[in-house]
Structures are given as C-alpha cells and as structure tokens.
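Enquirer: The structure's right below; bear with me while I get my questions together.
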Number of protein chains: 2
Amino acid sequence: MKPIRVGLLGLGTVGAGVAKVCRTHREELEEMVGAPIVLAAVVDQDITTPRDGLPLEGLPLGRDVSTVLDDPSIDIVVELIGGLEPARAYILRALANGKHVVTANKALLATHGEELYAEARRRRCMLAFEASVAGGIPLIRSVKEGLAANRITSLYGIVNGTSNYILSKMTDEGLEFGRVLAEAQAEGYAEADPTFDIEGIDSAHKLQILATLAFRTCVGLGDIYVEGITRVTPEDIALAHEMGFRIKLLAIAKSADGRLELRVHPTMIPESSPMSAVSGVFNAVFLNGDVVDDLMFYGRGAGQFPTASSVWADIVEIARRLAAGHAAVPQDLPVLGRNPLGLKPIEEVVSSYYLNVSALDRPGVLAQVAGILGKHNISIANVIQKVHQKAQAVPVVMMTHEAREGDMQKALREIDALPVIVAPTRMIRVEES
Amino acid sequence: MKPIRVGLLGLGTVGAGVAKVCRTHREELEEMVGAPIVLAAVVDQDITTPRDGLPLEGLPLGRDVSTVLDDPSIDIVVELIGGLEPARAYILRALANGKHVVTANKALLATHGEELYAEARRRRCMLAFEASVAGGIPLIRSVKEGLAANRITSLYGIVNGTSNYILSKMTDEGLEFGRVLAEAQAEGYAEADPTFDIEGIDSAHKLQILATLAFRTCVGLGDIYVEGITRVTPEDIALAHEMGFRIKLLAIAKSADGRLELRVHPTMIPESSPMSAVSGVFNAVFLNGDVVDDLMFYGRGAGQFPTASSVWADIVEIARRLAAGHAAVPQDLPVLGRNPLGLKPIEEVVSSYYLNVSALDRPGVLAQVAGILGKHNISIANVIQKVHQKAQAVPVVMMTHEAREGDMQKALREIDALPVIVAPTRMIRVEES
C-alpha cells in the first residue's frame, strides 16, 4: 500500500516529540491508519544542535521549507514553528499545493483562522488543529464531532498551564506573583517573555478557537475581554479561601438569548467545583450543551508529549482517510451556523464580584462605599472587615450579588475617587456554579 | 442532495430522546452532515402509549422491524431496544443488508462484540457505539481517535450512575445500602431489577468495550473480575473518610509487562483524587496514555438526552461520510494490535487493602490477625481499633501495604476461621493514585 508521507516544519520541543513518537509507536500508528507512514522531510533553521532523546542521524532534516511545502510527494504538512509569520504563509502555500495541514499554532488560528479555513475549504484540504487547544486533551474533536447534536450554552476553561501553575503555587505557598513567576521561569514552567501567558492572551487565543467551533459563530480576538493574573495578590487568594473560593484564570464563553459573551480573567470559583482542583500545569475545560448537559475534560495542557499526542491524532485521522481515498469535506472544518450569535459587550455581562477596598481606618467608610454601589444597582452579599496590623489602611472586603459589569466599572471609578481610598480597589469576578 | 435515511429500533427513553433531538436540532444536524437527514422509520412494540414530550403524530411509527432492517432506502439503523436478543439478530440482519448501525447496547457489545465487529468488517459497514459507554461523554471517539498515538497504561472509570448514586447517598447521609437502594428505585434512579447495576455487571460490560479499544486486545467478559456494592456498609464509608478515602465502584484496567488486569469492585480512593468528587449519576473515566499522560473525562453517564447526544454524534459522523460518498474502512471498528496483551488473573493483581475484622474483644486478637497476614507476605500500614458501644465484637480496622490478591484471599480464609472472629472480614481494595 502506498505510504502516507508527512513533512514536518519545526523541530523544536513539540516537533521533536512528534518525531520521537513516530519512532517509538510506528507499528501502532500504521495499524490505526491502515497504511505505512513516512516522516519524509523535517525542516528547521537549526539542523545541528542535538535534540534531547532524538538522534538527528537518519532524520530527513534540512533547512529548505520547499522540501516540505512544494514536494508533490508530501501528503500532510505538520506546522510546528509557531507565531504568525512565516507560519501563515507556509500553511497557505501548503494548501495551495493541495497538501493537508496539521497545526498546533493557536496564535495563528486565533488571528487568521477564518482565512486559513476558507483557503482549506477552497483547496479541498483538511486543516486539523487538535493540538492548538488544551495540549493532549482530545477536546477539538469532542466538540466538533462528539457534541454535534448540541447547542453549547456555556464553556469554562483553564487553558493556560503557566498561569495556572503560578496561581496554584501562589495559593499553596502564599507567595507573591512576582516571586512565583521568577521561580517558574527558572524552572522552565514560564517563558523568558511570559506576556502571552500571564496577561491572558494565550487563553484568549484558545477561547477564540474553541468558541468559534462550539458556538458555530465566527469570533474575533477583539471580541474577547482579556485580563491577566499579574494583579492577583496572596491576600486575595487567602480571602477567597476564607469564603470557600479559589482564584483561577478562566476563559469563559456563555450564550443566552442569541448573544455570546467572551472573556478571560482571574475568576473566583467555589472550592467544591471540580475546576478548583485543577492545579499546576493541567488544563480543564467544562462545557454545557443543551442535550448532553455538563461535561468536563481534564489533562496536560502543554508539553512535548501531550502535544505530540494530539498532533499524531490529527495525522492519523487524515492519513487514514487518504489511505482510503476519501477526499476532504467542508464539514471537516469549523461549521458556522446559518444564524451566528451576536456578541455581548463586556459592559452588559452580569456576574457577582469580590471587591477589596483599601481605605483609611475612618468611621463611615463602609457606608460611603455601600452607598456608591447601591446607587449603581449593586447590592452587597457579604462583608469581611479585616484589622490590618502593619498599616493605617484597612481592607474592606466584600462579595456582591449579581450586577452588570458596566455598573461595576462606574461604581469603582467613584469609589476610587473617594478621599479615604488609598489604593485602587481590587475586583475579581465570581462564578458561583 | 440525497437525504440520509435513518431507521430507529426502539422508542423507549433513549429512542424518544433521539426522535426529540431530531425535531429540535434538525437544522444544525443537517449543517453538520452536509445533507438532509430523515427519520424514515421508527419501530416499537408499543405504538400507542404517549411518550413524554414527543407527539406520536407525524412519527413514521410501526411494529414491523423489516421497515427498518430490510427497506433498501434506509441508510443507518439505530438499535435502542437493548438486551441480547433480538438486538443481536437485528443488527446482524441490518449489516447483512448493507446498513450502517449505531447502537447504545453495552450488554450486547460486551457479549457479542467480536462477532458484530467482524460482521460489520465483512459487510464493509460502520458500527458505532459512542452511547454504549459513559452516556453523553464523547469517550469512545476520544479513545479511538484522540489517543491513536498512545499505549494506554491504565484506565479507571466510574461508569455506572446507579451504583455511584447509591454510594454517594450512603456517603452523604450515612444510610444503609438497602434503604438507599429502595429510595433510588422509588425515585427512578434504580431499576426494579437492579442486579446489573449494583452487582457491577453493567460496569463490566462497559469495561469490556473500553478495554478492547484502549488496549487493542480482545477482552472477554469472563476475563473481568466483578464484585458489586451490596456489601459496602456505612461503617466502611465512615472509616474510609476517617483515613481520607472515599468508596467508589470502579472499573479498572491496567497494563504492565505485556499483561492486562481487569476488575470491577468497590474501591477506596483518596478524597483528594478528582474521581472522588464525582457524585450522583455522573460518570468519570480517568486514563493514562504513555504519550499523553493523565486524562479525565466527566459527564452524565445515562439519561434520555445525554445518551441521545452520543447517538446523534454517531449518526452525524456516519451520515456525513455517506453524504460524501466515503465507504467504511476497517479502522472504523476497534483495531486490535498484532501483539495483544495477555491477561493477568485476579490472584496475581497487586493492591493495598482495607480490612475490617469483627472479632470478640479478647487480648491478642490483633496479634493473631497480624500473624496470619505476615505469614502471607502482607504487611500492615495502619491500624484503627474502635471501641464499639453496642456489641461484644470489636472492629479491628487496618490498611495494608501492597500485597498479592491471592495471598490476601488465603489470609482472609484463615482469619475468618479463627474462633474469635464473629463475622466475615470485610475487605475493600485501595487505589492510592
């Protein structure tokens, strides 16, 4: 039987994992495909530095991308170089040459997915991206195929391992964000430039990909409200715990009344929630579908092998279809509904809130704050007033009932303008269920 | 475009759910398929009793199975009548007529799966069974496709909602098994004849299906050690909690050194384990693959709509391929490896154990028990001796280190033959990780 020939762009961490699995699991992979699989070309700018656990001898390694993109014998191109360019150009070139594409590139799909899906559709090629969201968890195919009969109503994800690792460590050890970040960088759990991870941008990329599939609505990155974890303090974490909550960076999408809300931000969730137990570098995604009800998926969100597992799942699926002579169909790509959902601006989102107000220790502060909140239709559920040992300022901590985000923003501006307020009020959104 | 015609056998709870979803979600289903879908024939012995929320008018409902099985215009047969016969004969007849089959029938697949898969392979038909395990969780396609590159090393499942509901309620309310079962039957959470659920047989069916797929090894029902939950007591549950454990009915498969162990029994798991939080009618399956590492799936394990969600996922996938003119391929069915795993008899399984020994309150009892355990190479990790108020007998409760099951069985026979022992020792296996 004619072998399926795979070309690999990028021999970094994940690329090396993909090559290793090809060596260690070839027999099973070929049984699953029903045809031989050949890693026919591997391209990287660095063709000399040894990769841990992967002898370079015998690998068809070179620096010329055309051996992957333009060689007519290559059936499937695996793009693992990351970033927007030249990854975008390479994928478009592969598709133009009639090649099927597997990618783990979440930033690219979140930014140029619409263009890439359209090009794949036009060229009648498959474009698979299981590895782009939640590492080794087979989430994309679950949403795309396993939940085909569902209208998704909500989706909550811990989809960034770095920020979850940092928050978990801050929680377990009571440490400051900056110190934990530095340690995570030293240990290789955070990158030298951690911006995408800690500012929520990587989570937003994944939410864009997931929400487009799950809600059958084309979502733009700009439609997602994004707030990172850099301002979360050990005090917030301790107070959350006192009230039975944990702080997680969640990617949230909810649909109601034909409108979709999309947001990434630190979120207090009940300690009894299964999401609350997801710690360290693990990812979890909770979904509710109108037919299936609640579902949760949990697993490693990154790493050489978990990501390679998802890349291979896509290669095997495409290769199996090529071996059987089955062409691509438009439904392989994200199917957008005839009636896409409208988008709800963050100001209209409703949530409850944790507020930590730093005020001088004067009588009447709570009354002033409560007055401003009440004026903006925000009612207080619960107040904790702490005696702070070291400073003049007293944190007044409260949980509100549900309120509109726009009202909360206005109230916060007024509160922070009060003369007794000594630092900007810290606000964290709360998801009760 | 030519419509895909679906015939439905069985308009019980799940069948009615499948018909309802067809009415409420037709537009999305057809977009996902890329062709019209028609529920062309529905067969049930009862064609008059109203089904809750499903008007029978307009349904192509009849009592003659040949309208589904023999009509050449039917493309996909959905078998939801359950049980071994006539379900087996109907599926074989549908396959012989070249029809693709979707089934939720775990008892049938666990008993006659090999025959049915072989027949589907011979007839070049698809046979899909997402709904047979873990209700709405897209678990079968995740294992079959999402984990294609993995050798699965272990699998732990809470896959029977009824027994999990009973254990959860015994745990939360401190009630006896018999009373909770009676309440569950009254509330519709347990069937009039609950044997399959409470004796672990239903869990074994699901383990057979899952393990065959995950370990690429044809497993017989008789290869699975099965023990139900009827002998679990509120005392065991309370003592487990005291030691930081919860008791769950787990379906377990582990592979090591080329051999596979398969067992269903009440199991103590750490309260900190994510499986421990799975309560009521929910299911969860934990998997470890050699590439992907740990994964967990969680969702509703039964019920009209969750099960219908999985049935529709299968219908949509088959229909999409039929609409595209793609034939079935052998890899659609469980792919067995060239080197199937051997089976490990239960006597060779290694585990740690909880023992609850009921002895007369005499000096030296613990020494006698410990002596017998020691003779059989079982060492004690931890002892709790309780003062029992109402009786002469004292429960001596202990946790052992890891030991061979065969040794434990021999030791238990000797312990229970001691004159001071007043009731059979209760033993529950412990999974630490």
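Ordering of the structure tokens sets the chain letters (A, B, ...); residue numbers start at 1 within each chain; ligands are numbered from 1 in the order shown.
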For region 35-48 of chain A, find every residue with an atom within 7 Å (counting only C-alpha atoms), except residues of its own chain fewer than 5 positions away, and show them as a PyMOL selection string.

Expert: chain A and resi 1-11+30+60-65+67-68+323

Enquirer: From region 259-350 of chain A, collect each residue whose DSSP state is strand (DSSP E or B) and return the set as a PyMOL selection string.

Expert: chain A and resi 259-270+282-289+293-300+342-343+350

Enquirer: Can those selected residues be exported to a file as a PDB file, in the first residue's frame so that it contains C-alpha atoms?

Expert:
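Once everything was written out, this is result.pdb:
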ATOM      1  CA  ARG A 259     -25.885  36.579  22.288  1.00  0.00           C
ATOM      2  CA  LEU A 260     -22.439  35.351  23.205  1.00  0.00           C
ATOM      3  CA  GLU A 261     -20.183  36.717  25.952  1.00  0.00           C
ATOM      4  CA  LEU A 262     -16.464  36.016  25.773  1.00  0.00           C
ATOM      5  CA  ARG A 263     -13.976  36.810  28.481  1.00  0.00           C
ATOM      6  CA  VAL A 264     -10.678  35.777  30.045  1.00  0.00           C
ATOM      7  CA  HIS A 265      -9.933  36.948  33.576  1.00  0.00           C
ATOM      8  CA  PRO A 266      -8.992  35.778  37.075  1.00  0.00           C
ATOM      9  CA  THR A 267     -12.150  34.251  38.495  1.00  0.00           C
ATOM     10  CA  MET A 268     -13.220  33.088  41.925  1.00  0.00           C
ATOM     11  CA  ILE A 269     -14.818  29.676  41.751  1.00  0.00           C
ATOM     12  CA  PRO A 270     -16.177  27.581  44.631  1.00  0.00           C
ATOM     13  CA  PHE A 282      -3.027  20.793  33.991  1.00  0.00           C
ATOM     14  CA  ASN A 283      -5.851  22.150  31.856  1.00  0.00           C
ATOM     15  CA  ALA A 284      -9.550  21.546  32.206  1.00  0.00           C
ATOM     16  CA  VAL A 285     -12.499  22.582  30.115  1.00  0.00           C
ATOM     17  CA  PHE A 286     -16.062  22.482  31.354  1.00  0.00           C
ATOM     18  CA  LEU A 287     -18.867  22.587  28.809  1.00  0.00           C
ATOM     19  CA  ASN A 288     -22.625  22.601  28.998  1.00  0.00           C
ATOM     20  CA  GLY A 289     -24.606  21.518  25.959  1.00  0.00           C
ATOM     21  CA  ASP A 293     -25.769  18.766  29.893  1.00  0.00           C
ATOM     22  CA  ASP A 294     -22.445  19.085  31.797  1.00  0.00           C
ATOM     23  CA  LEU A 295     -19.138  17.722  30.553  1.00  0.00           C
ATOM     24  CA  MET A 296     -15.592  18.192  31.752  1.00  0.00           C
ATOM     25  CA  PHE A 297     -12.276  17.329  30.133  1.00  0.00           C
ATOM     26  CA  TYR A 298      -9.028  17.290  32.048  1.00  0.00           C
ATOM     27  CA  GLY A 299      -5.422  16.643  31.097  1.00  0.00           C
ATOM     28  CA  ARG A 300      -1.999  18.088  30.383  1.00  0.00           C
ATOM     29  CA  GLY A 342     -24.451  38.301  18.347  1.00  0.00           C
ATOM     30  CA  LEU A 343     -21.753  39.433  20.732  1.00  0.00           C
ATOM     31  CA  VAL A 350     -23.630  40.021  34.549  1.00  0.00           C
TER      32      VAL A 350
END

Enquirer: Tell me which protein, DNA and RNA residues are within 12 Å of Asp332 (chain A), counting only C-alpha atoms, leaving out same-chain ones fewer than 6 positions away, and put them as a list in words.

Expert: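 Listed by chain and then number, they are His100, Tyr117, Ala118, Ala120, Arg121, Arg124, Cys125, Met126, Leu127, Ala128, Phe129, Ile140, Arg141, Lys144, Glu145, Leu213, Asp314, Glu317, Ile318, Arg321 and His326 of chain A; Glu31, Met32, Val33, Gly34, Glu317, Arg320, Arg321 and Ala324 of chain B.
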
Enquirer: Could you work out how far CA of Pro86 (chain A) lies from CA of His112 (chain A), giving the answer in Å with one decimal?

Expert: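 Taking CA of His112 (chain A) and CA of Pro86 (chain A), their separation equals 12.4 Å.
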
Enquirer: For Ile421 (chain A), find every residue with an atom within 7 Å (counting only C-alpha atoms), except residues of its own chain fewer than 6 positions away, and show them as a VMD selection string.

Expert: chain A and resid 358 to 360

Enquirer: Suppose you want the space between CA of Gly135 (chain B) and CA of Ser66 (chain B); what is it in Å?

Expert: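 CA of Gly135 (chain B) sits 28.1 Å away from CA of Ser66 (chain B).
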
Enquirer: Contacts of Ala417 (chain B) at 12 Å or less, counting only C-alpha atoms, minus same-chain residues fewer than 4 places along, as a ChimeraX atom specification?

Expert: /B:357-359,368-369,372,410-413,421-425

Enquirer: Using only C-alpha atoms, which of A:Ala184, A:Ile74, A:Thr111, A:Val292 sits nearest Val18 (chain B)?

Expert: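 Nearest candidate to Val18 (chain B) out of A:Ala184, A:Ile74, A:Thr111, A:Val292: A:Val292.
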
Enquirer: With a distance cut-off of 12 Å and only C-alpha atoms, select the neighbouring residues of Tyr353 (chain A), excluding the residue or stretch itself and same-chain residues fewer than 4 positions from it, and output the selection as number ranges by chain.

Expert: A: 240, 266-269, 349, 373, 378-383, 397-405, 407-409, 412, 425-432

Enquirer: As an exercise, work out the distance from CA of Glu27 (chain B) to CA of Ala308 (chain B) in Å and give it to one decimal place.

Expert: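 Separation of CA of Glu27 (chain B) and CA of Ala308 (chain B): 16.5 Å.
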
Enquirer: For Leu69 (chain B), find every residue with an atom within 10 Å (counting only C-alpha atoms), except residues of its own chain fewer than 6 positions away, and show them as a list of chain:residue names.

Expert: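 The neighbour list is B:Gly7, B:Leu8, B:Leu9, B:Ala41, B:Asp75, B:Ile76, B:Val77, B:Tyr90, B:Ile91, B:Leu92, B:Arg93, B:Ala94, B:Leu95, B:Ala96, B:Asn97, B:Gly98, B:Lys99.
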
Enquirer: For the residues in that selection, give me N, CA and C atoms as a compact mmCIF listing (two decimals), in the first residue's frame.

Expert:
# COMPACT_ATOMS: atom_id res chain seq x y z
N GLY B 7 -33.32 4.71 10.31
CA GLY B 7 -34.38 3.89 10.90
C GLY B 7 -34.07 3.63 12.36
N LEU B 8 -35.08 3.75 13.20
CA LEU B 8 -34.88 3.65 14.65
C LEU B 8 -35.61 2.44 15.21
N LEU B 9 -34.87 1.56 15.87
CA LEU B 9 -35.45 0.40 16.54
C LEU B 9 -35.54 0.69 18.03
N ALA B 41 -38.16 5.69 9.60
CA ALA B 41 -38.99 4.64 10.17
C ALA B 41 -38.62 4.46 11.64
N ASP B 75 -30.51 3.99 5.32
CA ASP B 75 -29.04 4.00 5.29
C ASP B 75 -28.44 3.59 6.64
N ILE B 76 -29.04 4.09 7.72
CA ILE B 76 -28.47 3.90 9.06
C ILE B 76 -29.54 3.33 9.99
N VAL B 77 -29.21 2.24 10.67
CA VAL B 77 -30.12 1.65 11.64
C VAL B 77 -29.62 2.00 13.05
N TYR B 90 -31.11 -8.53 14.98
CA TYR B 90 -31.49 -7.35 14.18
C TYR B 90 -30.25 -6.65 13.61
N ILE B 91 -29.23 -6.50 14.45
CA ILE B 91 -28.03 -5.81 13.97
C ILE B 91 -27.36 -6.64 12.87
N LEU B 92 -27.28 -7.95 13.08
CA LEU B 92 -26.67 -8.79 12.04
C LEU B 92 -27.47 -8.69 10.73
N ARG B 93 -28.79 -8.63 10.85
CA ARG B 93 -29.63 -8.53 9.65
C ARG B 93 -29.43 -7.18 8.97
N ALA B 94 -29.34 -6.12 9.78
CA ALA B 94 -29.10 -4.79 9.20
C ALA B 94 -27.76 -4.77 8.46
N LEU B 95 -26.73 -5.33 9.08
CA LEU B 95 -25.40 -5.34 8.45
C LEU B 95 -25.44 -6.18 7.17
N ALA B 96 -26.14 -7.34 7.24
CA ALA B 96 -26.22 -8.20 6.06
C ALA B 96 -26.90 -7.45 4.91
N ASN B 97 -27.78 -6.51 5.27
CA ASN B 97 -28.44 -5.70 4.24
C ASN B 97 -27.65 -4.45 3.87
N GLY B 98 -26.40 -4.37 4.35
CA GLY B 98 -25.53 -3.27 3.96
C GLY B 98 -25.79 -1.97 4.69
N LYS B 99 -26.52 -2.05 5.79
CA LYS B 99 -26.81 -0.81 6.52
C LYS B 99 -25.76 -0.56 7.60

Enquirer: Considering only C-alpha atoms, can you say which of A:Val14, A:Leu250, A:Val278, A:Val133 comes closest to chain B?

Expert: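 Using only C-alpha atoms, chain B sits closest to A:Val278.
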
Enquirer: With only C-alpha atoms as the basis for distance, which of A:Pro345, A:Gly371, A:Gly83, A:Gly228 is at the shortest distance from Thr195 (chain A)?

Expert: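 Ranking A:Pro345, A:Gly371, A:Gly83, A:Gly228 by distance to Thr195 (chain A), first place goes to A:Gly228.
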
Enquirer: Which residue gives the smallest distance to Ser255 (chain A) among A:Ile152, A:Val316, A:Val21, A:Ala186, with only C-alpha atoms counted?

Expert: A:Ile152

Enquirer: Restricting the calculation to only C-alpha atoms, which member of A:Cys22, A:Val329, A:Ala277, A:Leu221 is positioned closest to Leu59 (chain A)?

Expert: A:Cys22

Enquirer: Could you write out, as a ChimeraX atom specification, all the residues of region 162-406 of chain B that DSSP marks as alpha helix (DSSP H)?

Expert: /B:162-173,177-187,195-198,201-214,234-242,304-323,365-375,405-406

Enquirer: How about saving the chosen residues, C-alpha atoms kept, as a compact mmCIF listing (two decimals), in the first residue's frame?

Expert:
# COMPACT_ATOMS: atom_id res chain seq x y z
CA THR B 162 -26.96 3.95 39.67
CA SER B 163 -24.29 2.46 41.91
CA ASN B 164 -22.50 5.79 42.10
CA TYR B 165 -25.75 7.46 43.11
CA ILE B 166 -26.29 4.85 45.83
CA LEU B 167 -22.73 5.11 47.18
CA SER B 168 -22.87 8.91 47.08
CA LYS B 169 -26.10 8.93 49.04
CA MET B 170 -24.80 6.35 51.54
CA THR B 171 -21.75 8.60 51.97
CA ASP B 172 -23.60 11.90 52.28
CA GLU B 173 -26.39 10.67 54.53
CA PHE B 177 -27.32 0.18 51.28
CA GLY B 178 -30.75 -1.46 51.31
CA ARG B 179 -32.57 1.67 52.32
CA VAL B 180 -30.81 3.85 49.72
CA LEU B 181 -31.49 1.26 47.02
CA ALA B 182 -35.20 1.24 47.88
CA GLU B 183 -35.29 5.06 47.73
CA ALA B 184 -33.37 5.08 44.45
CA GLN B 185 -35.90 2.64 43.00
CA ALA B 186 -38.79 4.80 44.19
CA GLU B 187 -37.19 7.88 42.63
CA THR B 195 -28.84 -6.56 39.62
CA PHE B 196 -26.76 -5.41 36.62
CA ASP B 197 -26.08 -2.05 38.24
CA ILE B 198 -25.42 -2.96 41.87
CA ILE B 201 -22.16 -6.29 35.73
CA ASP B 202 -23.07 -3.14 33.83
CA SER B 203 -19.69 -1.64 34.74
CA ALA B 204 -18.02 -4.81 33.49
CA HIS B 205 -19.86 -4.51 30.17
CA LYS B 206 -18.53 -1.01 29.73
CA LEU B 207 -15.03 -2.02 30.81
CA GLN B 208 -15.06 -4.79 28.22
CA ILE B 209 -15.90 -2.30 25.46
CA LEU B 210 -13.45 0.36 26.63
CA ALA B 211 -10.57 -2.02 27.34
CA THR B 212 -10.87 -3.74 23.97
CA LEU B 213 -10.50 -0.34 22.30
CA ALA B 214 -7.94 1.17 24.63
CA PRO B 234 -21.99 2.91 56.21
CA GLU B 235 -19.29 1.91 58.71
CA ASP B 236 -16.81 1.19 55.91
CA ILE B 237 -17.67 4.53 54.33
CA ALA B 238 -17.21 6.39 57.64
CA LEU B 239 -13.89 4.65 58.38
CA ALA B 240 -12.70 5.36 54.84
CA HIS B 241 -13.46 9.04 55.37
CA GLU B 242 -11.55 8.99 58.66
CA GLN B 304 -32.56 10.36 27.80
CA PHE B 305 -30.76 13.38 26.40
CA PRO B 306 -27.10 12.71 27.26
CA THR B 307 -27.40 9.29 25.65
CA ALA B 308 -29.24 10.77 22.65
CA SER B 309 -26.38 13.26 22.29
CA SER B 310 -23.93 10.39 21.78
CA VAL B 311 -26.29 8.52 19.46
CA TRP B 312 -26.59 11.62 17.30
CA ALA B 313 -22.82 12.14 17.29
CA ASP B 314 -22.52 8.70 15.70
CA ILE B 315 -25.40 9.25 13.27
CA VAL B 316 -23.91 12.58 12.17
CA GLU B 317 -20.46 11.10 11.63
CA ILE B 318 -21.76 8.20 9.54
CA ALA B 319 -24.23 10.39 7.65
CA ARG B 320 -21.50 12.90 6.81
CA ARG B 321 -19.41 10.15 5.31
CA LEU B 322 -22.31 8.70 3.39
CA ALA B 323 -23.16 12.16 2.04
CA VAL B 365 -6.69 -10.76 68.54
CA LEU B 366 -4.65 -8.22 66.63
CA ALA B 367 -1.51 -10.30 67.07
CA GLN B 368 -3.28 -13.37 65.68
CA VAL B 369 -4.60 -11.47 62.65
CA ALA B 370 -1.27 -9.76 62.04
CA GLY B 371 0.47 -13.12 62.31
CA ILE B 372 -1.68 -14.64 59.58
CA LEU B 373 -1.22 -11.61 57.32
CA GLY B 374 2.54 -11.70 57.88
CA LYS B 375 2.70 -15.39 57.02
CA GLU B 405 -4.69 -10.71 45.84
CA GLY B 406 -4.08 -14.47 46.01

Enquirer: Taking only C-alpha atoms into account, name the residue in B:Cys218, B:Val281, B:Val420, B:Met275 that is nearest to Glu114 (chain B).

Expert: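 Checking each of B:Cys218, B:Val281, B:Val420, B:Met275 against Glu114 (chain B), counting only C-alpha atoms, the winner is B:Cys218.
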